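Peer 1: Pasting a structure here, questions to come.
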Amino acid sequence: MASHYEAPIRKPLVTGNKSYHDVSVDISNAVEGKANKQWWIVFSISMTLFLWGVGCIIYTISTGIGVWGLNKTVGWAWDITNFVWWIGIGHAGTLISAVLLLFRQKWRFAINRSAEAMTIFSVIQAGLFPIIHMGRPWLGFYMLPIPNVYGNLWVNFNSPLLWDVFAISTYLSVSLVFWWTGLLPDFAMIRDRAVKPFQKKIYSLVSFGWSGRAKDWQRFEEVSLVLAGLATPLVLSVHTIVSFDFATSVVPGWHTTIFPPYFVAGAIFSGFAMVNTLLIVMRKVSNLENYITIQHIELMNIVIMITGSIVGTAYITELFMAWYSGVEYEQYAFLNRATGPYWWAYWSMMTCNVFSPQLMWFKKLRTSIVFSFIISIVVNIGMWFERFVIIVTSLHRDYLPSSWTMFTPTFVDIGIFLGTIGFFFALFLLYSRTFPVISQAEVKTILKTSGDNYKKLRDKNG
Amino acid sequence: MAEKTLHAVYDDDDKLLDAVKKIKAAKYEIEEVYTPFPVHGLEKAMGLSDTRIAITSFIYGCLGFCFSIWMMNYIMILDWPQNIGGKPSFSYLENMPAFVPIMFELTVYFAAHLMVITFYLRSKLWPFKKAENPIPETTDDKFLIEIKFDGSEKELKKLIDKTDVFEVKVHINKKSSHE
């Protein structure tokens with residue numbers, strides 16, 4: 001026991017007197033059991049939204065982008081807002097699994113699997129928007145630098161939009177292999193427990209024949225560490241590059257150097273909020289309260305509070321820089337955001353993102369499940385408004401006052417957005433019934449240091 | 001070729017580590033150890049050499065970095081130079097600041113993917129690969145030491161009995177797989 005020492009001041013991360021076998025049983029329960037009524041209800045709603053979205057996408061592509069609310073002045077609105085929103089949500093997964101791995105934070109083990117799943121599912125939603133916005137998505141391969149017969153028609157490597165293509169493809173594919181490599185031992189656990197032949201076959205297939213040899217584990221740990229080291233700068237680069245889409249253009253309100261850190265902080269902020277939304281429900285439905293404890297939720301709330309404060313500081317810095325720059329256009333852009341026709345979007349953003357996370361300073365509030373759940377949704381509404389404010393309020397007042405206009409979404413804009421929400425939740429619900437939602441092999445490694453039964457034993461025996 | 005294989009099963013990682021040390025000290029050859037999770041200190045106790053997978057990743061990263069420079073130099077400077085937003089396109093170096101993001105992304109892309117592929121190939125992990133852990137419980141809560149031996153079975157069993165063993169089994173010249 002002495003080799004598993006952990007400072008007594010640290011609270012247990014696994015409660016309920018769990019043994020190694022209990023961990024296996026608890027994690028595979030969700031996979032082996034049957035879905036209940038609520039699952040089917042939520043899944044049906046998600047699928048309905050998704051199908052509605054598919055209909056709107058088909059309508060857009062067959063008729064043209066004109067079915068959206070875009071106009072000559074606001075040529076980018078909900079599509080890019082939703083794109084940045086989903087990409088931002090996707091940042092928490094890699095942050096939890098990579099950055100917290102480098103910092104050796106043990107509490108990540110209970111949440112990293114689901115956070116990574118959320119990352120992959122939300123990056124898929126994000127990727128849909130630029131492809132739909134092409135109008136002719138079957139020509140999407142034009143974005144790739146491939147030799148072609150069109151007479152040296154190459155992509156433009158000076159363009160931030162192409163950087164985006166590379167950044168997001170790299171991010172999606174690296175996150176996917178990071179996730180899958182971590183899943184192999186857990187799929188193998190379910191495979192070796194499975195009694196139904198079909199289940200055994202499927203989990204044999206997806207576990208790639210993982211056997212748990214000492215050498216495999218040694219490589220597994222090294223690969224995880226190196227992937228974390230690679231994914232950390234990668235995750236920061238992705239939202240940095242997304243912010244370049246705006247920052248490299250000469251539009252007041254966009255052309256600022258603060259964008260990369262400000263976007264990255266906002267991404268982590270919204271991503272952690274989404275992780276909280278999903279896990280607060282999942283821990284209840286899948287009976288995982290002993291693994292995803294109040295302490296986990298509290299720690300995530302603290303991350304939300306800190307990144308929310310960084311975002312708030314960035315908003316104020318932006319205002320200061322607009323005034324200090326002495327550039328009339330820049331000053332007007334910010335004055336217009338706060339007091340112009342879109343004032344309600346600006347102040348929704350301010351309330352949700354700057355004010356609400358500050359409540360997390362109170363321990364009573366940040367350890368309350370209901371409160372955490374509400375704030376997690378409020379934060380994501382706020383972060384959607386942030387992107388809407390940045391994009392639409394900057395565009396709708398052009399350099400030429402004769403071009404000034406407003407943006408109103410059509411039912412197609414709304415339908416596609418709701419469709420991606422449905423698609424996202426449908427994927428997550430399917431995941432929660434078929435995948436090991438907690439990386440049980442890694443939880444077992446911290447059981448002796450952070451399990452409550454072992455902690456009590458150590459307190460008694462010294 | 002060893003005649004027989006002994007499987008010693010343990011139900012705790014500390015007991016396993018202790019047993020591995022004792023078996024090693026008695027100069028027996030440990031063929032393999034199967035565990036449900038990475039046991040810290042096991043590779044040292046077994047005398048496994050360090051993995052070189054991180055080095056391969058570094059090499060792959062360098063490869064990706066060079067590939068990105070070669071690709072963008074060919075496309076943007078040699079094959080079809082264009083004046084885009086006034087950015088200088090006469091030489092790679094002048095245009096380089098705009099290429100930094102993709103140089104970085106491709107470095108990460110190569111380093112991550114090729115390392116994972118190397119890992120899968122070296123550890124023989126791929127779809128339709130049959131699992132080779134001798135008993136299914138080793139992915140749950142059991143730890144198994146596989147020892148191949150020629151000599152006396154009694155002697156080895158005596159040694160194993162001294163460790164805090166859960167179960168011992170001896171197989172004669174047969175490769176075992178539970179599938």
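Residues in the structure tokens are numbered from 1 in each chain, the chains being A, B, ... in the order shown, and ligands are numbered from 1 in the order shown.
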Go through chain B and flag each residue having an atom no more than 7 Å from chain A; for those, report the closest pair of atoms plus their distance in Å to one decimal, using only C-alpha atoms, ordered by chain and rising number, as CSV.

Peer 2:
```
residue,atom,partner,partner_atom,distance
B:Glu32,CA,A:Arg213,CA,6.7
B:Val33,CA,A:Ala214,CA,5.6
B:Tyr34,CA,A:Arg213,CA,4.6
B:Thr35,CA,A:Gly212,CA,5.5
B:Pro36,CA,A:Gly212,CA,6.2
B:Phe37,CA,A:Ala441,CA,5.0
B:Pro38,CA,A:Trp217,CA,5.5
B:Glu43,CA,A:Ala214,CA,6.7
B:Thr51,CA,A:Arg219,CA,6.2
B:Ile53,CA,A:Arg219,CA,6.9
B:Ala54,CA,A:Val226,CA,6.5
B:Ile75,CA,A:Trp154,CA,6.8
B:Ala98,CA,A:Asn158,CA,5.3
B:Phe99,CA,A:Phe157,CA,6.5
B:Pro101,CA,A:Trp163,CA,6.4
B:Ile102,CA,A:Trp163,CA,6.1
B:Glu105,CA,A:Ala167,CA,6.0
B:Val108,CA,A:Leu230,CA,6.3
B:Tyr109,CA,A:Thr170,CA,5.7
B:Ala112,CA,A:Leu227,CA,6.2
B:His113,CA,A:Val174,CA,6.9
B:Ser123,CA,A:Asp216,CA,6.0
B:Leu125,CA,A:Phe208,CA,4.9
B:Trp126,CA,A:Phe208,CA,4.4
B:Pro127,CA,A:Phe208,CA,4.6
B:Phe128,CA,A:Leu205,CA,5.2
B:Lys129,CA,A:Gly209,CA,4.8
B:Lys130,CA,A:Gly209,CA,4.9
B:Ala131,CA,A:Gly209,CA,4.0
B:Glu132,CA,A:Ser211,CA,5.4
B:Asn133,CA,A:Ser211,CA,4.9
B:Pro136,CA,A:Asp192,CA,5.0
B:Thr139,CA,A:Met189,CA,4.9
B:Asp140,CA,A:Met189,CA,6.0
B:Asp141,CA,A:Tyr20,CA,5.4
```

Peer 1: Skip Val14 (chain A) itself and residues of its chain fewer than 2 positions away, then list as a VMD selection string all residues within 9 Å of it, counting only C-alpha atoms.

Peer 2: chain A and resid 12 16 to 18 110 290 to 293 443 446 to 447 450 to 453

Peer 1: Using the selection just defined, write its residues with all heavy atoms as a short mmCIF file (atom, residue, chain, number, x, y, z; two decimals), in the first residue's frame.

Peer 2:
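Okay, this is what ended up in part22.cif:
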```
data_model
loop_
_atom_site.label_atom_id
_atom_site.label_comp_id
_atom_site.auth_asym_id
_atom_site.auth_seq_id
_atom_site.Cartn_x
_atom_site.Cartn_y
_atom_site.Cartn_z
N PRO A 12 -11.26 11.54 -2.28
CA PRO A 12 -11.29 10.35 -3.16
C PRO A 12 -11.96 10.67 -4.50
O PRO A 12 -12.93 11.43 -4.55
CB PRO A 12 -12.11 9.33 -2.36
CG PRO A 12 -12.80 10.09 -1.31
CD PRO A 12 -11.98 11.31 -1.02
N GLY A 16 -17.61 4.58 -3.18
CA GLY A 16 -18.47 3.39 -3.19
C GLY A 16 -17.73 2.08 -3.04
O GLY A 16 -18.17 1.06 -3.57
N ASN A 17 -16.57 2.08 -2.37
CA ASN A 17 -15.82 0.84 -2.07
C ASN A 17 -15.60 -0.03 -3.29
O ASN A 17 -15.90 -1.22 -3.28
CB ASN A 17 -16.57 0.00 -1.02
CG ASN A 17 -16.51 0.64 0.34
OD1 ASN A 17 -15.49 1.22 0.71
ND2 ASN A 17 -17.60 0.55 1.08
N LYS A 18 -15.11 0.52 -4.37
CA LYS A 18 -14.99 -0.25 -5.61
C LYS A 18 -13.73 -1.11 -5.63
O LYS A 18 -12.66 -0.66 -5.23
CB LYS A 18 -14.96 0.69 -6.81
CG LYS A 18 -16.20 1.55 -6.95
CD LYS A 18 -17.42 0.74 -7.26
CE LYS A 18 -18.63 1.65 -7.35
NZ LYS A 18 -19.88 0.88 -7.39
N ALA A 110 -12.03 10.03 -15.29
CA ALA A 110 -13.46 9.77 -15.29
C ALA A 110 -14.17 10.46 -16.45
O ALA A 110 -15.24 10.05 -16.85
CB ALA A 110 -14.06 10.22 -13.97
N ASN A 290 -20.46 7.28 -8.74
CA ASN A 290 -19.26 6.97 -7.95
C ASN A 290 -17.98 7.29 -8.69
O ASN A 290 -16.91 7.33 -8.10
CB ASN A 290 -19.26 5.49 -7.57
CG ASN A 290 -20.22 5.21 -6.44
OD1 ASN A 290 -20.34 6.01 -5.52
ND2 ASN A 290 -20.92 4.10 -6.53
N TYR A 291 -18.08 7.49 -9.99
CA TYR A 291 -16.88 7.77 -10.79
C TYR A 291 -16.82 9.25 -11.16
O TYR A 291 -15.76 9.86 -11.12
CB TYR A 291 -16.86 6.90 -12.06
CG TYR A 291 -16.87 5.44 -11.71
CD1 TYR A 291 -18.05 4.72 -11.64
CD2 TYR A 291 -15.68 4.80 -11.40
CE1 TYR A 291 -18.05 3.38 -11.29
CE2 TYR A 291 -15.67 3.47 -11.04
CZ TYR A 291 -16.87 2.76 -10.99
OH TYR A 291 -16.86 1.45 -10.63
N ILE A 292 -17.97 9.80 -11.59
CA ILE A 292 -18.03 11.23 -11.89
C ILE A 292 -18.66 11.87 -10.66
O ILE A 292 -19.87 11.97 -10.55
CB ILE A 292 -18.84 11.48 -13.17
CG1 ILE A 292 -18.25 10.67 -14.32
CG2 ILE A 292 -18.85 12.96 -13.52
CD1 ILE A 292 -19.14 10.61 -15.53
N THR A 293 -17.82 12.26 -9.72
CA THR A 293 -18.33 12.73 -8.43
C THR A 293 -18.60 14.23 -8.48
O THR A 293 -18.29 14.90 -9.47
CB THR A 293 -17.31 12.44 -7.32
OG1 THR A 293 -16.13 13.18 -7.62
CG2 THR A 293 -16.97 10.97 -7.24
N VAL A 443 -8.91 4.20 -14.84
CA VAL A 443 -9.49 4.38 -13.51
C VAL A 443 -8.90 3.33 -12.56
O VAL A 443 -8.60 3.62 -11.40
CB VAL A 443 -11.03 4.28 -13.56
CG1 VAL A 443 -11.62 4.14 -12.17
CG2 VAL A 443 -11.62 5.51 -14.23
N ILE A 446 -5.69 4.30 -10.82
CA ILE A 446 -5.70 5.26 -9.71
C ILE A 446 -6.56 4.77 -8.55
O ILE A 446 -6.70 5.47 -7.55
CB ILE A 446 -6.19 6.66 -10.16
CG1 ILE A 446 -7.61 6.59 -10.73
CG2 ILE A 446 -5.22 7.29 -11.14
CD1 ILE A 446 -8.34 7.90 -10.66
N LEU A 447 -7.11 3.56 -8.68
CA LEU A 447 -8.03 3.08 -7.65
C LEU A 447 -7.34 3.00 -6.29
O LEU A 447 -7.89 3.39 -5.27
CB LEU A 447 -8.58 1.71 -8.05
CG LEU A 447 -9.85 1.29 -7.33
CD1 LEU A 447 -10.97 2.25 -7.63
CD2 LEU A 447 -10.25 -0.11 -7.74
N SER A 450 -6.57 6.71 -5.16
CA SER A 450 -7.67 7.67 -5.01
C SER A 450 -9.03 7.04 -4.73
O SER A 450 -10.02 7.74 -4.67
CB SER A 450 -7.78 8.54 -6.26
OG SER A 450 -6.54 9.08 -6.58
N GLY A 451 -9.10 5.71 -4.58
CA GLY A 451 -10.36 5.08 -4.22
C GLY A 451 -10.66 5.31 -2.75
O GLY A 451 -9.75 5.29 -1.93
N ASP A 452 -11.94 5.50 -2.39
CA ASP A 452 -12.25 5.85 -0.99
C ASP A 452 -11.94 4.72 -0.03
O ASP A 452 -11.48 4.95 1.09
CB ASP A 452 -13.71 6.33 -0.85
CG ASP A 452 -14.71 5.27 -1.28
OD1 ASP A 452 -14.30 4.27 -1.90
OD2 ASP A 452 -15.91 5.46 -0.99
N ASN A 453 -12.15 3.43 -0.47
CA ASN A 453 -11.87 2.32 0.43
C ASN A 453 -10.38 2.22 0.77
O ASN A 453 -10.00 1.99 1.91
CB ASN A 453 -12.38 1.00 -0.15
CG ASN A 453 -12.09 0.85 -1.62
OD1 ASN A 453 -11.71 1.82 -2.28
ND2 ASN A 453 -12.23 -0.34 -2.15
#
```

Peer 1: Just list as a JSON list (two decimals) with all heavy atoms, in the first residue's frame whatever in chain B DSSP marks as strand (DSSP E).

Peer 2:
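part_17.json, freshly written:
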```
[["chain", "number", "residue", "atom", "x", "y", "z"],
["B", 4, "LYS", "N", 7.03, -27.00, -21.56],
["B", 4, "LYS", "CA", 5.77, -26.69, -20.89],
["B", 4, "LYS", "C", 5.63, -25.20, -20.62],
["B", 4, "LYS", "O", 6.62, -24.47, -20.58],
["B", 4, "LYS", "CB", 5.72, -27.43, -19.55],
["B", 4, "LYS", "CG", 5.69, -28.92, -19.69],
["B", 4, "LYS", "CD", 5.85, -29.54, -18.31],
["B", 4, "LYS", "CE", 6.33, -30.96, -18.44],
["B", 4, "LYS", "NZ", 6.86, -31.45, -17.16],
["B", 5, "THR", "N", 4.38, -24.79, -20.44],
["B", 5, "THR", "CA", 4.09, -23.40, -20.11],
["B", 5, "THR", "C", 3.33, -23.37, -18.80],
["B", 5, "THR", "O", 2.37, -24.12, -18.63],
["B", 5, "THR", "CB", 3.22, -22.77, -21.20],
["B", 5, "THR", "OG1", 3.81, -23.05, -22.45],
["B", 5, "THR", "CG2", 3.09, -21.27, -21.01],
["B", 6, "LEU", "N", 3.76, -22.49, -17.91],
["B", 6, "LEU", "CA", 3.03, -22.34, -16.64],
["B", 6, "LEU", "C", 2.33, -20.99, -16.61],
["B", 6, "LEU", "O", 2.92, -19.97, -16.98],
["B", 6, "LEU", "CB", 4.01, -22.47, -15.47],
["B", 6, "LEU", "CG", 3.37, -22.30, -14.09],
["B", 6, "LEU", "CD1", 3.82, -23.40, -13.16],
["B", 6, "LEU", "CD2", 3.68, -20.94, -13.50],
["B", 7, "HIS", "N", 1.07, -21.01, -16.23],
["B", 7, "HIS", "CA", 0.32, -19.76, -16.08],
["B", 7, "HIS", "C", 0.03, -19.52, -14.61],
["B", 7, "HIS", "O", -0.67, -20.30, -13.97],
["B", 7, "HIS", "CB", -1.01, -19.85, -16.83],
["B", 7, "HIS", "CG", -0.86, -19.72, -18.31],
["B", 7, "HIS", "ND1", -1.84, -20.04, -19.19],
["B", 7, "HIS", "CD2", 0.19, -19.31, -19.06],
["B", 7, "HIS", "CE1", -1.42, -19.82, -20.43],
["B", 7, "HIS", "NE2", -0.17, -19.39, -20.37],
["B", 8, "ALA", "N", 0.61, -18.48, -14.07],
["B", 8, "ALA", "CA", 0.34, -18.12, -12.68],
["B", 8, "ALA", "C", -0.55, -16.89, -12.68],
["B", 8, "ALA", "O", -0.21, -15.87, -13.26],
["B", 8, "ALA", "CB", 1.64, -17.83, -11.95],
["B", 9, "VAL", "N", -1.73, -17.01, -12.05],
["B", 9, "VAL", "CA", -2.70, -15.92, -12.06],
["B", 9, "VAL", "C", -2.72, -15.24, -10.70],
["B", 9, "VAL", "O", -2.72, -15.90, -9.67],
["B", 9, "VAL", "CB", -4.11, -16.46, -12.40],
["B", 9, "VAL", "CG1", -5.12, -15.32, -12.43],
["B", 9, "VAL", "CG2", -4.10, -17.18, -13.73],
["B", 10, "TYR", "N", -2.71, -13.90, -10.72],
["B", 10, "TYR", "CA", -2.76, -13.12, -9.47],
["B", 10, "TYR", "C", -3.99, -12.23, -9.51],
["B", 10, "TYR", "O", -4.50, -11.90, -10.57],
["B", 10, "TYR", "CB", -1.49, -12.28, -9.32],
["B", 10, "TYR", "CG", -0.27, -13.15, -9.18],
["B", 10, "TYR", "CD1", 0.36, -13.69, -10.30],
["B", 10, "TYR", "CD2", 0.22, -13.48, -7.93],
["B", 10, "TYR", "CE1", 1.43, -14.54, -10.18],
["B", 10, "TYR", "CE2", 1.31, -14.33, -7.79],
["B", 10, "TYR", "CZ", 1.91, -14.85, -8.92],
["B", 10, "TYR", "OH", 2.96, -15.69, -8.78],
["B", 30, "ILE", "N", 10.60, -15.21, -17.86],
["B", 30, "ILE", "CA", 9.19, -14.84, -17.95],
["B", 30, "ILE", "C", 8.86, -14.56, -19.41],
["B", 30, "ILE", "O", 9.44, -13.69, -20.03],
["B", 30, "ILE", "CB", 8.88, -13.60, -17.08],
["B", 30, "ILE", "CG1", 9.07, -13.94, -15.60],
["B", 30, "ILE", "CG2", 7.47, -13.09, -17.34],
["B", 30, "ILE", "CD1", 8.83, -12.79, -14.66],
["B", 31, "GLU", "N", 7.95, -15.38, -19.95],
["B", 31, "GLU", "CA", 7.62, -15.25, -21.36],
["B", 31, "GLU", "C", 6.78, -13.99, -21.60],
["B", 31, "GLU", "O", 7.04, -13.21, -22.50],
["B", 31, "GLU", "CB", 6.82, -16.50, -21.79],
["B", 31, "GLU", "CG", 6.48, -16.55, -23.26],
["B", 31, "GLU", "CD", 7.70, -16.86, -24.12],
["B", 31, "GLU", "OE1", 8.72, -17.30, -23.56],
["B", 31, "GLU", "OE2", 7.61, -16.64, -25.34],
["B", 32, "GLU", "N", 5.76, -13.83, -20.76],
["B", 32, "GLU", "CA", 4.85, -12.70, -20.97],
["B", 32, "GLU", "C", 4.06, -12.43, -19.70],
["B", 32, "GLU", "O", 3.85, -13.34, -18.90],
["B", 32, "GLU", "CB", 3.89, -13.05, -22.12],
["B", 32, "GLU", "CG", 3.16, -11.88, -22.72],
["B", 32, "GLU", "CD", 4.10, -10.80, -23.21],
["B", 32, "GLU", "OE1", 4.71, -10.98, -24.29],
["B", 32, "GLU", "OE2", 4.22, -9.79, -22.52],
["B", 33, "VAL", "N", 3.64, -11.18, -19.52],
["B", 33, "VAL", "CA", 2.74, -10.85, -18.41],
["B", 33, "VAL", "C", 1.54, -10.12, -19.02],
["B", 33, "VAL", "O", 1.70, -9.20, -19.80],
["B", 33, "VAL", "CB", 3.44, -9.95, -17.36],
["B", 33, "VAL", "CG1", 2.46, -9.55, -16.27],
["B", 33, "VAL", "CG2", 4.64, -10.66, -16.76],
["B", 34, "TYR", "N", 0.35, -10.59, -18.67],
["B", 34, "TYR", "CA", -0.89, -9.96, -19.16],
["B", 34, "TYR", "C", -1.57, -9.23, -18.00],
["B", 34, "TYR", "O", -1.81, -9.84, -16.95],
["B", 34, "TYR", "CB", -1.85, -11.00, -19.72],
["B", 34, "TYR", "CG", -1.30, -11.73, -20.92],
["B", 34, "TYR", "CD1", -0.55, -12.90, -20.76],
["B", 34, "TYR", "CD2", -1.53, -11.27, -22.21],
["B", 34, "TYR", "CE1", -0.04, -13.57, -21.87],
["B", 34, "TYR", "CE2", -1.03, -11.94, -23.31],
["B", 34, "TYR", "CZ", -0.28, -13.09, -23.14],
["B", 34, "TYR", "OH", 0.22, -13.75, -24.23],
["B", 143, "PHE", "N", -4.24, -10.88, -13.18],
["B", 143, "PHE", "CA", -2.92, -10.60, -13.73],
["B", 143, "PHE", "C", -2.25, -11.94, -13.96],
["B", 143, "PHE", "O", -2.23, -12.77, -13.05],
["B", 143, "PHE", "CB", -2.10, -9.77, -12.75],
["B", 143, "PHE", "CG", -2.81, -8.51, -12.31],
["B", 143, "PHE", "CD1", -3.84, -8.57, -11.38],
["B", 143, "PHE", "CD2", -2.44, -7.28, -12.82],
["B", 143, "PHE", "CE1", -4.50, -7.43, -10.98],
["B", 143, "PHE", "CE2", -3.10, -6.13, -12.43],
["B", 143, "PHE", "CZ", -4.14, -6.20, -11.50],
["B", 144, "LEU", "N", -1.71, -12.18, -15.15],
["B", 144, "LEU", "CA", -1.21, -13.51, -15.48],
["B", 144, "LEU", "C", 0.26, -13.47, -15.90],
["B", 144, "LEU", "O", 0.64, -12.65, -16.73],
["B", 144, "LEU", "CB", -2.07, -14.10, -16.60],
["B", 144, "LEU", "CG", -1.82, -15.55, -16.96],
["B", 144, "LEU", "CD1", -3.13, -16.23, -17.30],
["B", 144, "LEU", "CD2", -0.85, -15.68, -18.13],
["B", 145, "ILE", "N", 1.03, -14.37, -15.30],
["B", 145, "ILE", "CA", 2.44, -14.51, -15.70],
["B", 145, "ILE", "C", 2.59, -15.81, -16.47],
["B", 145, "ILE", "O", 2.12, -16.85, -16.02],
["B", 145, "ILE", "CB", 3.38, -14.54, -14.46],
["B", 145, "ILE", "CG1", 3.17, -13.31, -13.59],
["B", 145, "ILE", "CG2", 4.84, -14.63, -14.91],
["B", 145, "ILE", "CD1", 4.03, -13.32, -12.33],
["B", 146, "GLU", "N", 3.21, -15.72, -17.64],
["B", 146, "GLU", "CA", 3.42, -16.91, -18.46],
["B", 146, "GLU", "C", 4.90, -17.26, -18.40],
["B", 146, "GLU", "O", 5.74, -16.43, -18.73],
["B", 146, "GLU", "CB", 3.00, -16.59, -19.90],
["B", 146, "GLU", "CG", 2.86, -17.79, -20.79],
["B", 146, "GLU", "CD", 2.30, -17.38, -22.16],
["B", 146, "GLU", "OE1", 3.10, -16.94, -23.00],
["B", 146, "GLU", "OE2", 1.09, -17.48, -22.36],
["B", 147, "ILE", "N", 5.17, -18.48, -17.97],
["B", 147, "ILE", "CA", 6.57, -18.92, -17.87],
["B", 147, "ILE", "C", 6.75, -20.18, -18.70],
["B", 147, "ILE", "O", 6.00, -21.15, -18.52],
["B", 147, "ILE", "CB", 6.98, -19.21, -16.41],
["B", 147, "ILE", "CG1", 6.65, -18.02, -15.52],
["B", 147, "ILE", "CG2", 8.46, -19.53, -16.32],
["B", 147, "ILE", "CD1", 6.62, -18.36, -14.06],
["B", 148, "LYS", "N", 7.72, -20.18, -19.61],
["B", 148, "LYS", "CA", 8.04, -21.40, -20.37],
["B", 148, "LYS", "C", 9.24, -22.06, -19.69],
["B", 148, "LYS", "O", 10.19, -21.36, -19.35],
["B", 148, "LYS", "CB", 8.38, -21.05, -21.81],
["B", 148, "LYS", "CG", 7.13, -20.68, -22.58],
["B", 148, "LYS", "CD", 7.26, -20.96, -24.05],
["B", 148, "LYS", "CE", 5.90, -20.81, -24.70],
["B", 148, "LYS", "NZ", 5.93, -20.03, -25.91],
["B", 149, "PHE", "N", 9.16, -23.36, -19.50],
["B", 149, "PHE", "CA", 10.27, -24.00, -18.79],
["B", 149, "PHE", "C", 10.49, -25.42, -19.30],
["B", 149, "PHE", "O", 9.59, -26.07, -19.83],
["B", 149, "PHE", "CB", 10.03, -23.99, -17.29],
["B", 149, "PHE", "CG", 8.84, -24.81, -16.87],
["B", 149, "PHE", "CD1", 9.01, -26.07, -16.29],
["B", 149, "PHE", "CD2", 7.56, -24.32, -17.05],
["B", 149, "PHE", "CE1", 7.92, -26.81, -15.91],
["B", 149, "PHE", "CE2", 6.47, -25.07, -16.66],
["B", 149, "PHE", "CZ", 6.65, -26.32, -16.09],
["B", 167, "GLU", "N", -4.10, -18.69, -8.70],
["B", 167, "GLU", "CA", -4.36, -19.93, -9.44],
["B", 167, "GLU", "C", -3.12, -20.26, -10.27],
["B", 167, "GLU", "O", -2.47, -19.37, -10.81],
["B", 167, "GLU", "CB", -5.55, -19.71, -10.38],
["B", 167, "GLU", "CG", -6.18, -20.98, -10.87],
["B", 167, "GLU", "CD", -7.33, -20.70, -11.84],
["B", 167, "GLU", "OE1", -7.43, -19.56, -12.31],
["B", 167, "GLU", "OE2", -8.08, -21.63, -12.13],
["B", 168, "VAL", "N", -2.80, -21.57, -10.37],
["B", 168, "VAL", "CA", -1.67, -21.99, -11.21],
["B", 168, "VAL", "C", -2.14, -23.07, -12.18],
["B", 168, "VAL", "O", -2.91, -23.95, -11.81],
["B", 168, "VAL", "CB", -0.50, -22.56, -10.37],
["B", 168, "VAL", "CG1", 0.73, -22.76, -11.24],
["B", 168, "VAL", "CG2", -0.18, -21.67, -9.20],
["B", 169, "LYS", "N", -1.68, -22.95, -13.43],
["B", 169, "LYS", "CA", -2.03, -23.98, -14.42],
["B", 169, "LYS", "C", -0.81, -24.27, -15.26],
["B", 169, "LYS", "O", -0.05, -23.36, -15.58],
["B", 169, "LYS", "CB", -3.16, -23.46, -15.32],
["B", 169, "LYS", "CG", -4.54, -23.96, -14.91],
["B", 169, "LYS", "CD", -5.57, -23.52, -15.93],
["B", 169, "LYS", "CE", -6.96, -23.59, -15.31],
["B", 169, "LYS", "NZ", -7.85, -22.59, -15.90],
["B", 170, "VAL", "N", -0.66, -25.55, -15.64],
["B", 170, "VAL", "CA", 0.47, -25.90, -16.50],
["B", 170, "VAL", "C", -0.07, -26.48, -17.81],
["B", 170, "VAL", "O", -0.94, -27.33, -17.80],
["B", 170, "VAL", "CB", 1.40, -26.92, -15.80],
["B", 170, "VAL", "CG1", 2.52, -27.34, -16.75],
["B", 170, "VAL", "CG2", 1.98, -26.32, -14.55],
["B", 171, "HIS", "N", 0.42, -25.95, -18.92],
["B", 171, "HIS", "CA", 0.00, -26.45, -20.23],
["B", 171, "HIS", "C", 1.20, -27.12, -20.88],
["B", 171, "HIS", "O", 2.32, -26.68, -20.72],
["B", 171, "HIS", "CB", -0.45, -25.30, -21.13],
["B", 171, "HIS", "CG", -1.56, -24.50, -20.53],
["B", 171, "HIS", "ND1", -2.88, -24.78, -20.73],
["B", 171, "HIS", "CD2", -1.53, -23.43, -19.70],
["B", 171, "HIS", "CE1", -3.62, -23.92, -20.08],
["B", 171, "HIS", "NE2", -2.82, -23.08, -19.44],
["B", 172, "ILE", "N", 0.94, -28.20, -21.62],
["B", 172, "ILE", "CA", 2.04, -28.90, -22.26],
["B", 172, "ILE", "C", 2.08, -28.54, -23.74],
["B", 172, "ILE", "O", 1.15, -28.84, -24.49],
["B", 172, "ILE", "CB", 1.93, -30.42, -22.05],
["B", 172, "ILE", "CG1", 2.00, -30.70, -20.54],
["B", 172, "ILE", "CG2", 3.04, -31.15, -22.78],
["B", 172, "ILE", "CD1", 1.59, -32.07, -20.14]]
```

Peer 1: Which one is closest to Ser91 (chain B): B:Ile69, B:Leu16, B:Leu106, B:Ile55? Count only C-alpha atoms.

Peer 2: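 Distance minimum relative to Ser91 (chain B) lands on B:Ile69.
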
Peer 1: Of the residues A:Ile65, A:Val370, A:Val235, A:Ala273, which is the one nearest to Leu299 (chain A), using only C-alpha atoms?

Peer 2: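 Among A:Ile65, A:Val370, A:Val235, A:Ala273, it is A:Ala273 that comes nearest to Leu299 (chain A).
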